[in-house]
$ cat data_20.csv   # CSV, C-alpha atoms
chain,number,residue,atom,x,y,z
A,14,MET,CA,3.1,45.6,4.4
A,15,ALA,CA,3.4,43.9,1.1
A,16,ASN,CA,6.9,42.8,2.0
A,17,ALA,CA,5.6,41.1,5.2
A,18,ARG,CA,2.9,39.3,3.2
A,19,SER,CA,5.4,37.9,0.7
A,20,ARG,CA,7.6,36.6,3.6
A,21,ASN,CA,4.6,34.9,5.2
A,22,ALA,CA,3.6,33.4,1.8
A,23,GLY,CA,7.2,32.1,1.4
A,24,LYS,CA,7.2,30.5,4.8
A,25,LYS,CA,3.8,28.8,4.2
A,26,GLY,CA,5.1,27.5,0.8
A,27,SER,CA,8.2,26.2,2.5
A,28,ARG,CA,6.2,24.6,5.3
A,29,ALA,CA,3.9,22.9,2.8
A,30,LEU,CA,6.9,21.5,0.9
A,31,TRP,CA,8.4,20.0,4.1
A,32,ILE,CA,5.0,18.5,5.0
A,33,LEU,CA,4.8,16.9,1.5
A,34,LEU,CA,8.3,15.6,1.8
A,35,VAL,CA,7.6,14.0,5.2
A,36,ILE,CA,4.4,12.4,3.9
A,37,ALA,CA,6.3,11.0,0.9
A,38,ALA,CA,9.1,9.6,3.2
A,39,VAL,CA,6.5,7.9,5.4
A,40,LEU,CA,4.7,6.4,2.4
A,41,ALA,CA,8.0,5.2,1.0
A,42,ALA,CA,9.0,3.7,4.3
A,43,ALA,CA,5.7,1.9,4.6
A,44,ALA,CA,6.0,0.5,1.1
A,45,TRP,CA,9.5,-0.7,1.8
A,46,TYR,CA,8.4,-2.3,5.1
A,47,PHE,CA,5.4,-4.2,3.6
A,48,ARG,CA,7.2,-5.2,0.3
A,49,ILE,CA,7.8,-8.8,1.2
A,50,PRO,CA,4.2,-9.6,2.3
A,51,ALA,CA,2.9,-7.7,-0.7
A,52,GLN,CA,5.1,-9.6,-3.1
A,53,GLY,CA,3.9,-12.9,-1.5
A,54,TYR,CA,0.2,-12.0,-1.8
A,55,ALA,CA,0.7,-10.8,-5.4
A,56,GLN,CA,2.6,-14.0,-6.4
A,57,THR,CA,-0.1,-16.2,-4.8
A,58,ALA,CA,-2.9,-14.3,-6.5
A,59,ALA,CA,-1.1,-14.6,-9.9
A,60,ALA,CA,-0.4,-18.3,-9.5
A,61,TYR,CA,-4.0,-19.1,-8.3
A,62,SER,CA,-5.6,-17.1,-11.0
A,63,ALA,CA,-3.4,-18.6,-13.7
A,64,ARG,CA,-4.2,-22.2,-12.6
A,65,VAL,CA,-7.9,-21.6,-12.2
A,66,ALA,CA,-8.3,-19.7,-15.5
A,67,CYS,CA,-6.2,-22.4,-17.4
A,68,SER,CA,-8.5,-25.1,-16.1
A,69,CYS,CA,-11.6,-23.0,-17.0
A,70,ARG,CA,-10.2,-22.3,-20.4
A,71,PHE,CA,-8.6,-25.6,-21.5
A,72,VAL,CA,-10.4,-28.3,-19.3
A,73,ALA,CA,-13.9,-26.8,-19.2
A,74,GLY,CA,-13.6,-25.2,-22.7
A,75,ARG,CA,-15.0,-21.8,-21.7
A,76,SER,CA,-13.8,-18.5,-23.2
A,77,LEU,CA,-11.2,-16.5,-21.4
A,78,ASP,CA,-13.8,-13.6,-21.0
A,79,ASP,CA,-16.2,-16.1,-19.3
A,80,CYS,CA,-13.3,-17.4,-17.1
A,81,LYS,CA,-12.5,-13.9,-15.8
A,82,LYS,CA,-15.9,-14.0,-14.0
A,83,ASP,CA,-14.4,-16.7,-11.7
A,84,LYS,CA,-11.9,-14.4,-10.1
A,85,LEU,CA,-12.3,-14.0,-6.4
A,86,ALA,CA,-13.1,-10.7,-4.7
A,87,GLY,CA,-9.9,-8.7,-4.2
A,88,MET,CA,-8.3,-10.0,-7.3
A,89,GLU,CA,-9.5,-7.2,-9.6
A,90,LEU,CA,-5.9,-6.1,-10.3
A,91,VAL,CA,-4.9,-9.5,-11.7
A,92,THR,CA,-5.1,-9.6,-15.5
A,93,LEU,CA,-5.3,-12.8,-17.6
A,94,SER,CA,-4.1,-13.6,-21.1
A,95,ASP,CA,-4.2,-16.9,-22.9
A,96,ASP,CA,-2.0,-18.6,-25.6
A,97,VAL,CA,-4.3,-21.1,-27.4
A,98,GLY,CA,-1.4,-22.7,-29.3
A,99,ALA,CA,0.6,-23.4,-26.1
A,100,LYS,CA,-2.6,-24.1,-24.1
A,101,SER,CA,-1.5,-21.8,-21.4
A,102,VAL,CA,-2.9,-18.9,-19.3
A,103,THR,CA,-0.7,-16.1,-17.8
A,104,ALA,CA,-1.9,-14.1,-14.9
A,105,ARG,CA,-0.2,-10.8,-14.0
A,106,PHE,CA,-0.3,-8.6,-10.9
A,107,PRO,CA,1.0,-5.2,-12.2
A,108,LEU,CA,4.6,-4.5,-11.5
A,109,ILE,CA,5.0,-7.2,-8.9
A,110,ALA,CA,4.2,-10.8,-10.1
A,111,SER,CA,3.4,-13.0,-13.0
A,112,ASP,CA,2.7,-16.7,-13.4
A,113,THR,CA,1.7,-19.1,-16.2
A,114,ALA,CA,-0.2,-22.4,-16.0
A,115,ARG,CA,-0.1,-24.8,-19.0
A,116,TYR,CA,-2.5,-27.6,-19.8
A,117,ARG,CA,-0.7,-31.0,-19.8
A,118,GLU,CA,-2.6,-34.1,-21.0
A,119,GLY,CA,-3.3,-36.4,-18.1
A,120,TYR,CA,-2.3,-33.8,-15.5
A,121,GLY,CA,-4.6,-30.9,-16.2
A,122,CYS,CA,-3.3,-27.4,-15.7
A,123,VAL,CA,0.1,-27.2,-14.0
A,124,LEU,CA,2.0,-24.0,-13.0
A,125,GLU,CA,5.4,-23.5,-14.6
A,126,LYS,CA,8.4,-23.8,-12.3
A,127,TRP,CA,9.2,-20.7,-10.3
A,128,ASP,CA,12.7,-19.2,-10.4
A,129,SER,CA,13.8,-18.9,-6.8

$ encode --input "data_20.csv" --output "structure tokens"
Amino acid sequence: MANARSRNAGKKGSRALWILLVIAAVLAAAAWYFRIPAQGYAQTAAAYSARVACSCRFVAGRSLDDCKKDKLAGMELVTLSDDVGAKSVTARFPLIASDTARYREGYGCVLEKWDS
């Protein structure tokens, strides 16, 4: 009787492992399929956030903490950091995108050139 129970437990454990592997494969395939749109949205969010925060910081003269309040809904993952000496703000979307806007006299805040 105990031997039959251990075989059933082994089958259930093996079945659970296969189910987890199938779920992981489906999630990996979905991430691969949506990688291009996700990269585009992340790059857009980083560029927009950098330019807006740079203008807030170096044109309006507000603190970076105050400028963080201006982020749009859905951009909670974007982080901001400033370089006062270079008059620039860098926005990062974790593991996917980063962009920097720099204040230029007469032009305001301008995004740095993208490498394509």

$ closest_residue --input "data_20.csv" --among "A:Ala29, A:Ala42, A:Leu108, A:Ala114" --to "Asp96 (chain A)" --atoms "only C-alpha atoms"
A:Ala114

$ residues_around --input "data_20.csv" --residues "region 56-68 of chain A" --least-positions-apart "4" --cutoff "12 Å" --atoms "all atoms listed in the file" --output "PyMOL selection string"
chain A and resi 48-52+72-97+99-118+120-127

$ atom_distance --input "data_20.csv" --atom1 "CA of Gly53 (chain A)" --atom2 "CA of Leu40 (chain A)"
19.7 Å

$ atom_distance --input "data_20.csv" --atom1 "CA of Gly26 (chain A)" --atom2 "CA of Ala43 (chain A)"
25.9 Å

$ atom_distance --input "data_20.csv" --atom1 "CA of Ala41 (chain A)" --atom2 "CA of Arg28 (chain A)"
20.0 Å

$ build_atoms --input "data_20.csv" --residues "region 93-118 of chain A" --atoms "N, CA and C atoms" --output "PDB file, keeping the file's coordinate frame"
ATOM      1  N   LEU A  93      -5.528 -11.445 -17.028  1.00  0.00           N
ATOM      2  CA  LEU A  93      -5.300 -12.800 -17.600  1.00  0.00           C
ATOM      3  C   LEU A  93      -5.137 -12.649 -19.121  1.00  0.00           C
ATOM      4  N   SER A  94      -4.268 -13.502 -19.664  1.00  0.00           N
ATOM      5  CA  SER A  94      -4.100 -13.600 -21.100  1.00  0.00           C
ATOM      6  C   SER A  94      -3.848 -15.080 -21.430  1.00  0.00           C
ATOM      7  N   ASP A  95      -4.366 -15.530 -22.562  1.00  0.00           N
ATOM      8  CA  ASP A  95      -4.200 -16.900 -22.900  1.00  0.00           C
ATOM      9  C   ASP A  95      -3.376 -17.072 -24.205  1.00  0.00           C
ATOM     10  N   ASP A  96      -2.754 -18.228 -24.353  1.00  0.00           N
ATOM     11  CA  ASP A  96      -2.000 -18.600 -25.600  1.00  0.00           C
ATOM     12  C   ASP A  96      -2.636 -19.943 -25.977  1.00  0.00           C
ATOM     13  N   VAL A  97      -3.533 -19.903 -26.953  1.00  0.00           N
ATOM     14  CA  VAL A  97      -4.300 -21.100 -27.400  1.00  0.00           C
ATOM     15  C   VAL A  97      -3.316 -22.147 -27.927  1.00  0.00           C
ATOM     16  N   GLY A  98      -2.321 -21.726 -28.698  1.00  0.00           N
ATOM     17  CA  GLY A  98      -1.400 -22.700 -29.300  1.00  0.00           C
ATOM     18  C   GLY A  98      -0.594 -23.442 -28.231  1.00  0.00           C
ATOM     19  N   ALA A  99      -0.185 -22.769 -27.180  1.00  0.00           N
ATOM     20  CA  ALA A  99       0.600 -23.400 -26.100  1.00  0.00           C
ATOM     21  C   ALA A  99      -0.323 -23.960 -25.011  1.00  0.00           C
ATOM     22  N   LYS A 100      -1.628 -23.723 -25.125  1.00  0.00           N
ATOM     23  CA  LYS A 100      -2.600 -24.100 -24.100  1.00  0.00           C
ATOM     24  C   LYS A 100      -2.171 -23.652 -22.729  1.00  0.00           C
ATOM     25  N   SER A 101      -1.948 -22.332 -22.632  1.00  0.00           N
ATOM     26  CA  SER A 101      -1.500 -21.800 -21.400  1.00  0.00           C
ATOM     27  C   SER A 101      -2.252 -20.466 -21.076  1.00  0.00           C
ATOM     28  N   VAL A 102      -2.295 -20.123 -19.798  1.00  0.00           N
ATOM     29  CA  VAL A 102      -2.900 -18.900 -19.300  1.00  0.00           C
ATOM     30  C   VAL A 102      -1.839 -18.190 -18.439  1.00  0.00           C
ATOM     31  N   THR A 103      -1.603 -16.909 -18.681  1.00  0.00           N
ATOM     32  CA  THR A 103      -0.700 -16.100 -17.800  1.00  0.00           C
ATOM     33  C   THR A 103      -1.501 -15.106 -17.067  1.00  0.00           C
ATOM     34  N   ALA A 104      -1.236 -15.040 -15.778  1.00  0.00           N
ATOM     35  CA  ALA A 104      -1.900 -14.100 -14.900  1.00  0.00           C
ATOM     36  C   ALA A 104      -0.798 -13.089 -14.425  1.00  0.00           C
ATOM     37  N   ARG A 105      -1.142 -11.795 -14.414  1.00  0.00           N
ATOM     38  CA  ARG A 105      -0.200 -10.800 -14.000  1.00  0.00           C
ATOM     39  C   ARG A 105      -0.790  -9.858 -12.945  1.00  0.00           C
ATOM     40  N   PHE A 106      -0.007  -9.602 -11.920  1.00  0.00           N
ATOM     41  CA  PHE A 106      -0.300  -8.600 -10.900  1.00  0.00           C
ATOM     42  C   PHE A 106       0.619  -7.429 -11.248  1.00  0.00           C
ATOM     43  N   PRO A 107       0.115  -6.262 -11.629  1.00  0.00           N
ATOM     44  CA  PRO A 107       1.000  -5.200 -12.200  1.00  0.00           C
ATOM     45  C   PRO A 107       2.208  -4.875 -11.366  1.00  0.00           C
ATOM     46  N   LEU A 108       3.331  -4.885 -12.056  1.00  0.00           N
ATOM     47  CA  LEU A 108       4.600  -4.500 -11.500  1.00  0.00           C
ATOM     48  C   LEU A 108       5.210  -5.400 -10.452  1.00  0.00           C
ATOM     49  N   ILE A 109       4.481  -6.431 -10.039  1.00  0.00           N
ATOM     50  CA  ILE A 109       5.000  -7.200  -8.900  1.00  0.00           C
ATOM     51  C   ILE A 109       5.138  -8.699  -9.265  1.00  0.00           C
ATOM     52  N   ALA A 110       4.130  -9.332  -9.888  1.00  0.00           N
ATOM     53  CA  ALA A 110       4.200 -10.800 -10.100  1.00  0.00           C
ATOM     54  C   ALA A 110       3.505 -11.207 -11.364  1.00  0.00           C
ATOM     55  N   SER A 111       3.945 -12.362 -11.849  1.00  0.00           N
ATOM     56  CA  SER A 111       3.400 -13.000 -13.000  1.00  0.00           C
ATOM     57  C   SER A 111       3.550 -14.470 -12.927  1.00  0.00           C
ATOM     58  N   ASP A 112       2.573 -15.235 -13.391  1.00  0.00           N
ATOM     59  CA  ASP A 112       2.700 -16.700 -13.400  1.00  0.00           C
ATOM     60  C   ASP A 112       1.916 -17.272 -14.535  1.00  0.00           C
ATOM     61  N   THR A 113       2.363 -18.433 -15.019  1.00  0.00           N
ATOM     62  CA  THR A 113       1.700 -19.100 -16.200  1.00  0.00           C
ATOM     63  C   THR A 113       1.398 -20.533 -15.789  1.00  0.00           C
ATOM     64  N   ALA A 114       0.202 -20.953 -16.174  1.00  0.00           N
ATOM     65  CA  ALA A 114      -0.200 -22.400 -16.000  1.00  0.00           C
ATOM     66  C   ALA A 114      -0.432 -22.907 -17.427  1.00  0.00           C
ATOM     67  N   ARG A 115       0.041 -24.150 -17.649  1.00  0.00           N
ATOM     68  CA  ARG A 115      -0.100 -24.800 -19.000  1.00  0.00           C
ATOM     69  C   ARG A 115      -0.818 -26.098 -18.829  1.00  0.00           C
ATOM     70  N   TYR A 116      -1.718 -26.347 -19.785  1.00  0.00           N
ATOM     71  CA  TYR A 116      -2.500 -27.600 -19.800  1.00  0.00           C
ATOM     72  C   TYR A 116      -1.563 -28.739 -20.261  1.00  0.00           C
ATOM     73  N   ARG A 117      -1.512 -29.811 -19.465  1.00  0.00           N
ATOM     74  CA  ARG A 117      -0.700 -31.000 -19.800  1.00  0.00           C
ATOM     75  C   ARG A 117      -1.699 -32.196 -19.799  1.00  0.00           C
ATOM     76  N   GLU A 118      -1.745 -32.895 -20.903  1.00  0.00           N
ATOM     77  CA  GLU A 118      -2.600 -34.100 -21.000  1.00  0.00           C
ATOM     78  C   GLU A 118      -2.360 -35.044 -19.880  1.00  0.00           C
TER      79      GLU A 118
END
